[in-house]
Structures are given as C-alpha cells and as structure tokens.
>>> print(open('work-v4.txt').read())   # compact mmCIF, C-alpha atoms and all ligand atoms
# COMPACT_ATOMS: atom_id res chain seq x y z
CA MET B 1 -9.51 22.07 36.68
CA ASP B 2 -10.47 22.61 40.34
CA ALA B 3 -7.52 24.32 42.08
CA GLU B 4 -7.95 21.97 45.08
CA ARG B 5 -7.79 18.81 42.99
CA LYS B 6 -4.66 16.72 43.42
CA PRO B 7 -2.62 16.63 40.18
CA ILE B 8 -2.79 13.28 38.39
CA THR B 9 -0.41 11.84 35.82
CA VAL B 10 -1.77 9.26 33.40
CA GLY B 11 0.63 7.01 31.49
CA ILE B 12 -0.27 5.99 27.94
CA PRO B 13 1.46 2.99 26.33
CA ARG B 14 2.73 4.09 22.91
CA ALA B 15 1.40 1.00 21.15
CA MET B 16 -1.68 -0.58 19.59
CA LEU B 17 -4.71 1.74 19.60
CA TYR B 18 -2.57 4.69 20.69
CA TYR B 19 -1.74 5.04 16.98
CA GLN B 20 -5.44 5.11 16.10
CA TYR B 21 -7.03 6.99 19.00
CA GLY B 22 -4.10 8.50 20.90
CA THR B 23 -5.09 12.01 19.83
CA ILE B 24 -8.53 11.78 21.42
CA TRP B 25 -7.09 10.25 24.61
CA LYS B 26 -4.42 12.89 25.08
CA ALA B 27 -6.76 15.76 24.15
CA PHE B 28 -9.39 14.47 26.60
CA PHE B 29 -6.98 14.34 29.53
CA GLU B 30 -5.43 17.66 28.51
CA ALA B 31 -8.87 19.35 28.44
CA LEU B 32 -9.39 18.17 32.02
CA GLY B 33 -5.96 19.40 33.10
CA VAL B 34 -4.64 15.86 33.62
CA LYS B 35 -0.98 15.41 32.73
CA THR B 36 -0.12 12.52 30.40
CA VAL B 37 3.16 10.70 29.92
CA LEU B 38 3.93 8.40 26.98
CA SER B 39 6.10 5.31 27.08
CA PRO B 40 9.24 5.70 24.91
CA PRO B 41 9.12 4.80 21.20
CA THR B 42 9.41 1.02 20.67
CA ASN B 43 12.96 -0.29 20.75
CA ARG B 44 14.56 -3.75 21.00
CA GLU B 45 14.42 -3.70 24.81
CA ILE B 46 10.68 -2.91 24.90
CA LEU B 47 10.00 -5.66 22.35
CA GLU B 48 12.02 -8.22 24.29
CA GLU B 49 10.33 -7.31 27.57
CA GLY B 50 6.93 -7.66 25.89
CA ILE B 51 7.87 -11.08 24.53
CA ARG B 52 9.05 -12.19 27.98
CA LEU B 53 5.79 -11.08 29.62
CA SER B 54 3.38 -12.51 27.04
CA VAL B 55 2.25 -16.00 26.17
CA ASP B 56 3.62 -17.31 22.86
CA GLU B 57 0.26 -17.30 21.06
CA THR B 58 -0.21 -13.56 21.51
CA CYS B 59 0.17 -11.43 18.37
CA LEU B 60 3.32 -9.34 17.97
CA SER B 61 1.38 -6.08 18.46
CA ALA B 62 0.04 -7.19 21.85
CA LYS B 63 3.50 -8.37 22.91
CA VAL B 64 4.95 -4.96 22.06
CA PHE B 65 2.11 -3.39 24.05
CA MET B 66 3.11 -5.27 27.20
CA GLY B 67 6.67 -4.00 26.81
CA HIS B 68 5.28 -0.45 26.76
CA VAL B 69 3.19 -1.03 29.87
CA HIS B 70 6.30 -2.35 31.60
CA ALA B 71 8.19 0.82 30.62
CA LEU B 72 5.54 2.95 32.36
CA ILE B 73 5.30 1.01 35.63
CA GLY B 74 6.02 3.33 38.57
CA LYS B 75 6.25 6.42 36.34
CA CYS B 76 2.66 7.65 36.64
CA ASP B 77 -0.39 7.49 38.91
CA TYR B 78 -2.39 5.42 36.44
CA ILE B 79 -1.71 3.56 33.21
CA PHE B 80 -4.57 4.07 30.76
CA ILE B 81 -5.80 0.96 28.93
CA PRO B 82 -9.21 1.55 27.35
CA ARG B 83 -11.39 -1.37 26.36
CA TYR B 84 -12.61 -0.98 22.78
CA SER B 85 -15.38 -3.41 21.99
CA SER B 86 -17.84 -1.80 19.56
CA PHE B 87 -18.93 1.54 18.12
CA ARG B 88 -22.12 0.07 16.62
CA HIS B 89 -24.26 -3.01 17.15
CA ASP B 90 -23.16 -4.75 13.92
CA GLU B 91 -19.37 -4.60 14.24
CA VAL B 92 -16.71 -5.45 16.78
CA PHE B 93 -13.06 -4.85 17.55
CA CYS B 94 -10.57 -7.71 17.50
CA THR B 95 -10.95 -9.54 20.81
CA ARG B 96 -7.41 -8.53 21.81
CA PHE B 97 -8.70 -4.98 22.37
CA GLU B 98 -11.59 -6.23 24.47
CA GLY B 99 -9.28 -8.26 26.67
CA LEU B 100 -6.26 -5.98 26.84
CA TYR B 101 -7.12 -4.30 30.15
CA ASP B 102 -7.83 -7.59 31.96
CA GLN B 103 -4.83 -9.29 30.40
CA THR B 104 -2.56 -6.44 31.50
CA ARG B 105 -4.01 -6.43 35.03
CA ASN B 106 -3.31 -10.13 35.21
CA ILE B 107 0.26 -9.90 33.90
CA PHE B 108 1.11 -7.08 36.33
CA ARG B 109 -0.99 -8.48 39.21
CA THR B 110 1.84 -8.26 41.73
CA SER B 111 2.64 -4.63 40.87
CA PRO B 112 1.23 -1.80 43.03
CA GLN B 113 0.70 0.19 39.81
CA ARG B 114 -2.86 1.48 39.34
CA PHE B 115 -4.62 1.14 35.99
CA LEU B 116 -7.40 3.13 34.41
CA SER B 117 -9.86 2.03 31.75
CA CYS B 118 -12.98 3.05 29.91
CA ASN B 119 -15.38 0.73 28.25
CA ILE B 120 -16.50 1.58 24.72
CA ASP B 121 -19.20 -0.93 23.96
CA ALA B 122 -22.13 0.41 21.93
CA LYS B 123 -23.55 -3.11 21.62
CA ASN B 124 -24.12 -3.00 25.34
CA HIS B 125 -25.37 0.61 25.35
CA GLN B 126 -22.09 2.33 26.27
CA SER B 127 -21.19 4.75 23.47
CA GLU B 128 -17.77 6.36 23.16
CA GLY B 129 -19.17 9.59 24.67
CA ASP B 130 -20.69 7.68 27.62
CA ALA B 131 -17.40 5.85 28.18
CA PHE B 132 -15.34 9.05 28.27
CA GLN B 133 -17.87 10.71 30.55
CA ALA B 134 -17.63 7.79 32.97
CA LEU B 135 -13.83 7.95 32.75
CA GLY B 136 -13.79 11.64 33.67
CA VAL B 137 -16.21 11.08 36.54
CA SER B 138 -14.05 8.22 37.86
CA LEU B 139 -11.18 10.75 38.09
CA GLY B 140 -13.31 13.18 40.11
CA PHE B 141 -14.57 15.52 37.34
CA SER B 142 -18.23 16.33 36.83
CA ALA B 143 -20.25 14.67 34.07
CA LYS B 144 -20.54 18.05 32.33
CA GLU B 145 -16.79 18.73 32.43
CA SER B 146 -16.10 15.23 31.15
CA ARG B 147 -18.60 15.51 28.25
CA GLN B 148 -17.13 18.85 27.23
CA ALA B 149 -13.61 17.45 27.32
CA TYR B 150 -14.75 14.51 25.18
CA ARG B 151 -16.41 16.75 22.55
CA GLN B 152 -13.30 18.92 22.36
CA ALA B 153 -11.05 15.87 22.02
CA LEU B 154 -13.26 14.28 19.38
CA LYS B 155 -13.06 17.41 17.23
CA LYS B 156 -9.28 17.31 17.45
CA GLN B 157 -9.17 13.68 16.38
CA GLN B 158 -11.57 14.25 13.47
CA ALA B 159 -9.53 17.23 12.25
CA GLU B 160 -6.37 15.10 12.35
CA GLN B 161 -8.01 12.31 10.35
CA LYS B 162 -9.28 14.75 7.74
CA ALA B 163 -5.81 16.27 7.37
CA ALA B 164 -4.26 12.81 6.81
CA VAL B 165 -6.78 12.05 4.04
CA ARG B 166 -6.25 15.49 2.46
CA ASN B 167 -2.47 15.05 2.45
CA GLN B 168 -2.77 11.63 0.89
CA GLU B 169 -5.13 12.97 -1.81
CA ALA B 170 -2.46 15.53 -2.70
CA ALA B 171 0.27 12.85 -2.79
CA ALA B 172 -1.83 10.57 -5.00
CA LYS B 173 -2.11 13.32 -7.62
CA LYS B 174 1.67 13.53 -8.06
CA ASP B 175 3.52 11.68 -10.83
CA GLY B 176 5.66 8.70 -9.87
CA LEU B 177 5.56 5.09 -8.76
CA LYS B 178 2.92 4.60 -6.07
CA ILE B 179 2.67 1.80 -3.53
CA LEU B 180 -0.38 1.27 -1.37
CA ILE B 181 0.44 -0.17 2.03
CA VAL B 182 -2.30 -1.91 3.99
CA GLY B 183 -1.47 -2.42 7.65
CA HIS B 184 -2.69 -1.47 11.09
CA PRO B 185 -1.53 2.00 12.20
CA TYR B 186 0.16 0.42 15.25
CA LEU B 187 2.43 -1.47 12.86
CA LEU B 188 2.95 1.16 10.20
CA SER B 189 3.47 4.15 12.49
CA ASP B 190 5.53 2.29 15.07
CA PRO B 191 9.13 3.54 14.81
CA TYR B 192 10.61 0.07 15.38
CA LEU B 193 8.16 -2.13 13.45
CA GLY B 194 6.80 -0.22 10.49
CA LYS B 195 8.94 2.87 10.08
CA PRO B 196 11.89 1.03 8.45
CA ILE B 197 9.47 -0.09 5.72
CA LEU B 198 8.06 3.40 5.22
CA ASP B 199 11.62 4.80 5.19
CA PHE B 200 12.66 2.29 2.55
CA PHE B 201 9.98 3.53 0.17
CA ARG B 202 10.62 7.20 0.89
CA GLU B 203 14.33 6.72 0.21
CA SER B 204 13.57 4.89 -3.03
CA GLY B 205 11.53 7.87 -4.26
CA THR B 206 8.25 5.93 -4.24
CA ILE B 207 5.00 7.67 -3.33
CA LEU B 208 3.43 5.79 -0.44
CA LEU B 209 -0.32 5.62 0.05
CA ARG B 210 -1.73 4.17 3.26
CA ALA B 211 -5.06 2.33 3.38
CA ASP B 212 -5.65 3.68 6.90
CA HIS B 213 -5.51 7.25 5.61
CA THR B 214 -9.10 7.05 4.40
CA ASN B 215 -12.37 8.49 5.62
CA ARG B 216 -13.44 5.73 8.02
CA ASP B 217 -17.13 5.73 7.09
CA ARG B 218 -16.39 5.62 3.38
CA ALA B 219 -13.92 2.79 3.98
CA LYS B 220 -16.49 0.72 5.87
CA THR B 221 -19.02 1.13 3.05
CA ALA B 222 -16.39 0.11 0.47
CA CYS B 223 -15.49 -2.94 2.56
CA MET B 224 -19.12 -4.07 2.69
CA GLU B 225 -19.18 -4.19 -1.12
CA PHE B 226 -16.02 -6.32 -1.19
CA SER B 227 -16.69 -8.53 1.83
CA PRO B 228 -20.18 -8.08 3.34
CA THR B 229 -19.50 -10.47 6.23
CA CYS B 230 -16.37 -8.77 7.61
CA ARG B 231 -17.21 -7.80 11.21
CA TRP B 232 -13.99 -6.41 12.65
CA ILE B 233 -14.04 -2.63 12.66
CA MET B 234 -10.36 -2.10 11.95
CA SER B 235 -10.30 -4.78 9.24
CA LYS B 236 -13.26 -3.10 7.58
CA GLU B 237 -11.46 0.22 7.63
CA LEU B 238 -8.29 -1.30 6.16
CA VAL B 239 -9.95 -3.45 3.50
CA GLY B 240 -12.26 -0.59 2.52
CA GLY B 241 -9.31 1.81 2.41
CA ALA B 242 -7.47 -0.64 0.15
CA MET B 243 -10.47 -0.83 -2.19
CA LEU B 244 -10.73 2.95 -2.41
CA TRP B 245 -7.03 3.59 -3.11
CA LYS B 246 -5.92 0.52 -5.06
CA ASP B 247 -6.73 1.89 -8.53
CA ARG B 248 -4.37 4.78 -7.89
CA ALA B 249 -1.43 2.57 -6.93
CA ASP B 250 1.01 0.46 -8.97
CA GLY B 251 1.41 -2.21 -6.29
CA MET B 252 0.02 -3.12 -2.90
CA ILE B 253 1.69 -4.39 0.28
CA LEU B 254 -0.27 -6.25 2.93
CA LEU B 255 1.55 -5.93 6.24
CA SER B 256 0.47 -7.91 9.28
CA ALA B 257 1.74 -9.08 12.66
CA PHE B 258 2.17 -12.78 13.41
CA PRO B 259 -0.22 -14.46 14.28
CA CYS B 260 -3.06 -12.06 13.49
CA GLY B 261 -6.38 -13.86 13.05
CA PRO B 262 -8.35 -11.04 11.35
CA ASP B 263 -5.50 -10.15 8.96
CA SER B 264 -4.90 -13.77 8.01
CA MET B 265 -8.48 -13.88 6.69
CA THR B 266 -8.77 -10.46 5.08
CA ASN B 267 -5.30 -10.50 3.52
CA GLU B 268 -5.86 -13.96 2.07
CA LEU B 269 -9.16 -12.75 0.63
CA MET B 270 -7.55 -9.69 -0.96
CA THR B 271 -4.64 -11.73 -2.34
CA ARG B 272 -7.06 -14.16 -3.98
CA LYS B 273 -9.62 -11.70 -5.27
CA LEU B 274 -7.53 -8.77 -6.49
CA LYS B 275 -6.09 -9.74 -9.85
CA ASP B 276 -5.41 -6.31 -11.29
CA ILE B 277 -2.60 -5.20 -8.97
CA PRO B 278 0.67 -6.85 -7.82
CA VAL B 279 0.43 -7.76 -4.11
CA LEU B 280 3.20 -8.49 -1.62
CA ASN B 281 2.32 -10.15 1.68
CA LEU B 282 4.63 -9.30 4.60
CA VAL B 283 4.29 -10.76 8.08
CA LEU B 284 6.30 -9.35 10.99
CA ASP B 285 7.12 -11.73 13.81
CA ALA B 286 8.80 -11.39 17.18
CA GLN B 287 12.00 -13.15 16.12
CA SER B 288 12.86 -11.58 12.80
CA GLY B 289 11.15 -8.18 13.08
CA THR B 290 11.93 -6.35 9.83
CA ALA B 291 15.13 -8.29 9.09
CA GLY B 292 15.28 -9.60 5.53
CA ILE B 293 12.31 -7.53 4.49
CA GLU B 294 14.38 -4.99 2.59
CA THR B 295 15.40 -7.58 -0.01
CA ARG B 296 11.78 -8.53 -0.58
CA LEU B 297 10.78 -4.90 -0.92
CA GLU B 298 13.56 -4.28 -3.44
CA SER B 299 12.48 -7.26 -5.56
CA PHE B 300 8.86 -6.16 -5.39
CA LEU B 301 9.77 -2.68 -6.60
CA ASP B 302 11.91 -4.15 -9.42
CA ILE B 303 8.99 -6.29 -10.60
CA ILE B 304 6.64 -3.32 -10.65
CA ARG B 305 9.15 -1.12 -12.47
CA PHE B 306 9.71 -3.93 -14.99
CA LYS B 307 5.96 -4.28 -15.58
CA LYS B 308 5.67 -0.57 -16.15
CA GLY B 309 8.57 -0.62 -18.61
CA SER B 310 10.76 1.58 -16.37
CA PRO B 311 14.50 0.85 -15.93
CA VAL B 312 15.02 -1.61 -13.02
S1 LIG L 1 -6.08 -7.26 14.69
FE1 LIG L 1 -4.37 -8.72 14.64
S2 LIG L 1 -2.53 -7.54 15.12
FE2 LIG L 1 -4.33 -6.36 15.77
S3 LIG L 1 -4.62 -6.88 17.89
FE3 LIG L 1 -5.94 -8.25 16.71
S4 LIG L 1 -4.67 -10.09 16.41
FE4 LIG L 1 -3.29 -8.44 17.04
>>> encode(input="work-v4.txt", output="structure tokens", more="lines below")
Ligand code: SF4
Amino acid sequence: MDAERKPITVGIPRAMLYYQYGTIWKAFFEALGVKTVLSPPTNREILEEGIRLSVDETCLSAKVFMGHVHALIGKCDYIFIPRYSSFRHDEVFCTRFEGLYDQTRNIFRTSPQRFLSCNIDAKNHQSEGDAFQALGVSLGFSAKESRQAYRQALKKQQAEQKAAVRNQEAAAKKDGLKILIVGHPYLLSDPYLGKPILDFFRESGTILLRADHTNRDRAKTACMEFSPTCRWIMSKELVGGAMLWKDRADGMILLSAFPCGPDSMTNELMTRKLKDIPVLNLVLDAQSGTAGIETRLESFLDIIRFKKGSPV
C-alpha cells in the first residue's frame, strides 16, 4: 500500500454471505493493506436489534444481518455490503442479496456511517473480477493493484472450498451413522442459529455431512438434473449438494429460515421427490430460534437408528 495513503478500516457484518464469501472479501482487503473488523458472533442482543430494525416480512437471516450492521456502526470507516446479483446470465441470487445494500442504507439513513459496496452482476456485464476492481479503485487503489488483490483473494477462497470438500470426503468414508444437513452456510455456520444443531449431532457421535461442502460447479450440474428450472444460485448449490451426498447418508435434514421463499420451494420439492431417505424439515424463526429443536432431532435420530436395527 502507498505509504502516504490514509489507513482505512472496513467493517464486515458477520452474517449472510460472509459465511459464503467472507474469505475472498477479507483476503482482498488484506492484500490491499486495508484493515477489516468483523461484527461479533451472533447473540441474542444482535438478533433482537435486527428484529427491531427490520420489517416483519423479512427472512430471519436478513434480520440477523441488520443486527450485525448495527453492531458495527461507528466502529469503522466503512461497512462493506456487496450486492450479489449474478455470476452468469442464466442464474440469479435471491433478491434479498440484490437489495441488501439499498435496504441497509435506508434503515440507517439518519446515521453518519459510510457504506461500501460492489456490484457483482454478470447478467449486466459486471463480473466478480470487474466488481472487485471497481471496489479497489473506489478506495483509491489502481486497477492493477485491485485486480491482483482479487486474484490472490480468489485463490484463497478456492483453496478453502477444496479443503472443506476434501475433509467431508474423508468423514464420509468413516463408519457410523451419517446425517446430511442441507442449509445455507449463514444458518449452519452461525454460532447462534446453526451451531447448536451441529453441536447436537457431534455430541451424539453422528457423522455430519453438509450439502454446502460440495464442489459448486458439480453441485449446480447435479441440481439441473433434479430440477432444471431452479434459478437461484445458492439453491442450486444446496440442492445439487444434497443430490451428490444423499446416498452416503442415513437421513437428511432440511434447515431453513422463516420465511424463505427459495427454500420453501426447493425443500418442498426434495421432501416430495426423495423417497429413499428419511427427511426432517426444520424452520428457524425469530421467536423460537432453536428452542424445541433438540427434541425433534432426538426423535429423528431414534427413528433412523430403529430403521437401521441399532439400539435406540
Ligand atoms: S435464500 Fe432465503 S434465507 Fe437466504 S436471503 Fe433469501 S429469503 Fe433469506
């Protein structure tokens, strides 16, 4: 970084696409010498603040996101909220990701806090690389520096994804009861929302497989065979991941956030079409969170053990 350049701190809300693309974001800023600060892990206070700031119809994940933005206000020069629209012409992100930046700007319109975005929209000729280049330039870096930082960050993200798939391959080869969990990374990896569910299975000695720990291109191809009309990128990755791992699992859990439009369609489709595997549908909402879920998980495990002839 130019020695004369004023240091900048960028705040990143630890929610939603952070759990999918946070590695590339942090590595990009790091490569440019820009300091990043994360909001704290989700807790009850963040959730309640997000609920207070959001309209009722918003999905739980987006409500949590607003709580994270609130936690960063005044703690950094900019809060980073990228707009993910499309990576290719024939698929799109859920509209929440397209509108998140504008929605946040509107909710915090009276705050002096500055926000930063980048617009990934291949359908409108703005690839991910172009978007990151424009982001770097908007912070005062050259196009060349920004491109280099993007390439470096992309490699880091790809290596991380490959490692997750490799680790899961190794876990799937072990003996033991295996449960495949299908849910967005911002639910599953969130310490307040999804972690209690993951912990439950780990403590019960079950081997957990995650649909999102799949090569993304392979998952999209697998999804097209199951549901050729599915257009949402992240739904394709999850459904395709479920198709690729399901034969190696004894049961499958579909985890979604209330009221998620894409999941309500894809999970219903999987529940109806998949007859060869027991499926449990779990929906997290703002009121109950994970309360009461443990009992349902225990019963689900008992049913699977019973079916396999193991002691319950
Ligand atoms: S896919 Fe569902 S949970 Fe995710 S942002 Fe869209 S509506 Fe919310």
>>> closest_residue(input="work-v4.txt", among="B:Lys63, B:Lys6, B:Arg272, B:Arg96", to="Tyr84 in chain B", atoms="all atoms listed in the file")
B:Arg96
>>> residues_near_point(input="work-v4.txt", point="(-14.8, 8.4, 31.0)", cutoff="10 Å", atoms="all atoms listed in the file", output="CSV table (one decimal) with C-alpha atoms, in the coordinates of the input")
chain,number,residue,atom,x,y,z
B,28,PHE,CA,-9.4,14.5,26.6
B,29,PHE,CA,-7.0,14.3,29.5
B,82,PRO,CA,-9.2,1.6,27.4
B,116,LEU,CA,-7.4,3.1,34.4
B,117,SER,CA,-9.9,2.0,31.8
B,118,CYS,CA,-13.0,3.0,29.9
B,119,ASN,CA,-15.4,0.7,28.2
B,120,ILE,CA,-16.5,1.6,24.7
B,128,GLU,CA,-17.8,6.4,23.2
B,129,GLY,CA,-19.2,9.6,24.7
B,130,ASP,CA,-20.7,7.7,27.6
B,131,ALA,CA,-17.4,5.8,28.2
B,132,PHE,CA,-15.3,9.0,28.3
B,133,GLN,CA,-17.9,10.7,30.6
B,134,ALA,CA,-17.6,7.8,33.0
B,135,LEU,CA,-13.8,8.0,32.8
B,136,GLY,CA,-13.8,11.6,33.7
B,137,VAL,CA,-16.2,11.1,36.5
B,138,SER,CA,-14.0,8.2,37.9
B,139,LEU,CA,-11.2,10.8,38.1
B,141,PHE,CA,-14.6,15.5,37.3
B,143,ALA,CA,-20.2,14.7,34.1
B,146,SER,CA,-16.1,15.2,31.2
B,147,ARG,CA,-18.6,15.5,28.2
B,149,ALA,CA,-13.6,17.4,27.3
B,150,TYR,CA,-14.8,14.5,25.2
>>> closest_atom_pairs(input="work-v4.txt", of="chain B", to="ligand LIG 1 (chain L)", cutoff="9 Å", atoms="only C-alpha atoms and all ligand atoms", output="CSV")
residue,atom,partner,partner_atom,distance
B:Met16,CA,L:LIG1,S3,7.2
B:Leu17,CA,L:LIG1,S3,8.8
B:Thr58,CA,L:LIG1,FE4,7.5
B:Cys59,CA,L:LIG1,FE4,4.8
B:Leu60,CA,L:LIG1,FE4,6.7
B:Ser61,CA,L:LIG1,S2,5.3
B:Ala62,CA,L:LIG1,FE4,6.0
B:Lys63,CA,L:LIG1,FE4,9.0
B:Phe93,CA,L:LIG1,S1,7.9
B:Cys94,CA,L:LIG1,FE3,4.7
B:Thr95,CA,L:LIG1,FE3,6.6
B:Arg96,CA,L:LIG1,S3,5.1
B:Phe97,CA,L:LIG1,S3,6.4
B:His184,CA,L:LIG1,FE2,7.0
B:Tyr186,CA,L:LIG1,FE2,8.1
B:Leu187,CA,L:LIG1,S2,8.2
B:Trp232,CA,L:LIG1,S1,8.2
B:Met234,CA,L:LIG1,S1,7.2
B:Ser235,CA,L:LIG1,S1,7.3
B:Ser256,CA,L:LIG1,S2,6.6
B:Ala257,CA,L:LIG1,S2,5.2
B:Phe258,CA,L:LIG1,S2,7.2
B:Pro259,CA,L:LIG1,S4,6.6
B:Cys260,CA,L:LIG1,FE1,3.8
B:Gly261,CA,L:LIG1,S4,5.3
B:Pro262,CA,L:LIG1,S1,5.5
B:Asp263,CA,L:LIG1,FE1,6.0
B:Ser264,CA,L:LIG1,FE1,8.4
>>> residues_around(input="work-v4.txt", residues="Lys195 in chain B", least_positions_apart="3", cutoff="12 Å", atoms="all atoms listed in the file", output="count of residues only")
20
>>> residues_around(input="work-v4.txt", residues="His213 in chain B", least_positions_apart="6", cutoff="10 Å", atoms="all atoms listed in the file", output="CSV table (one decimal) with C-alpha atoms, in the coordinates of the input")
chain,number,residue,atom,x,y,z
B,161,GLN,CA,-8.0,12.3,10.4
B,162,LYS,CA,-9.3,14.8,7.7
B,163,ALA,CA,-5.8,16.3,7.4
B,164,ALA,CA,-4.3,12.8,6.8
B,165,VAL,CA,-6.8,12.0,4.0
B,166,ARG,CA,-6.2,15.5,2.5
B,167,ASN,CA,-2.5,15.0,2.4
B,168,GLN,CA,-2.8,11.6,0.9
B,169,GLU,CA,-5.1,13.0,-1.8
B,182,VAL,CA,-2.3,-1.9,4.0
B,185,PRO,CA,-1.5,2.0,12.2
B,219,ALA,CA,-13.9,2.8,4.0
B,237,GLU,CA,-11.5,0.2,7.6
B,238,LEU,CA,-8.3,-1.3,6.2
B,241,GLY,CA,-9.3,1.8,2.4
B,242,ALA,CA,-7.5,-0.6,0.2
B,245,TRP,CA,-7.0,3.6,-3.1
>>> atom_distance(input="work-v4.txt", atom1="CA of Ile304 in chain B", atom2="CA of Asp250 in chain B")
7.0 Å
>>> residues_around(input="work-v4.txt", residues="Ala172 in chain B", least_positions_apart="4", cutoff="8 Å", atoms="all atoms listed in the file", output="PDB file with C-alpha atoms, in the coordinates of the input")
ATOM      1  CA  GLN B 168      -2.770  11.630   0.890  1.00  0.00           C
ATOM      2  CA  LYS B 178       2.920   4.600  -6.070  1.00  0.00           C
ATOM      3  CA  ILE B 207       5.000   7.670  -3.330  1.00  0.00           C
ATOM      4  CA  LEU B 209      -0.320   5.620   0.050  1.00  0.00           C
ATOM      5  CA  ARG B 248      -4.370   4.780  -7.890  1.00  0.00           C
TER       6      ARG B 248
END
>>> atom_distance(input="work-v4.txt", atom1="CA of Asp217 in chain B", atom2="CA of Gly240 in chain B")
9.2 Å
>>> residues_around(input="work-v4.txt", residues="Phe115 in chain B", least_positions_apart="5", cutoff="8 Å", atoms="only C-alpha atoms", output="count of residues only")
5
>>> closest_residue(input="work-v4.txt", among="B:Leu38, B:Ala153, B:Ala249, B:Glu294", to="Ser204 in chain B", atoms="all atoms listed in the file")
B:Glu294
>>> axis_aligned_box(input="work-v4.txt", around="range 255-266 of chain B", padding_each_side="3 Å", output="JSON")
{"center_x": -3.3, "center_y": -10.2, "center_z": 9.7, "size_x": 16.9, "size_y": 14.5, "size_z": 15.2}
>>> atom_distance(input="work-v4.txt", atom1="CA of Glu98 in chain B", atom2="CA of Ser85 in chain B")
5.3 Å
>>> residues_around(input="work-v4.txt", residues="Val37 in chain B", least_positions_apart="2", cutoff="8 Å", atoms="all atoms listed in the file", output="PyMOL selection string")
chain B and resi 9-12+35+39+76
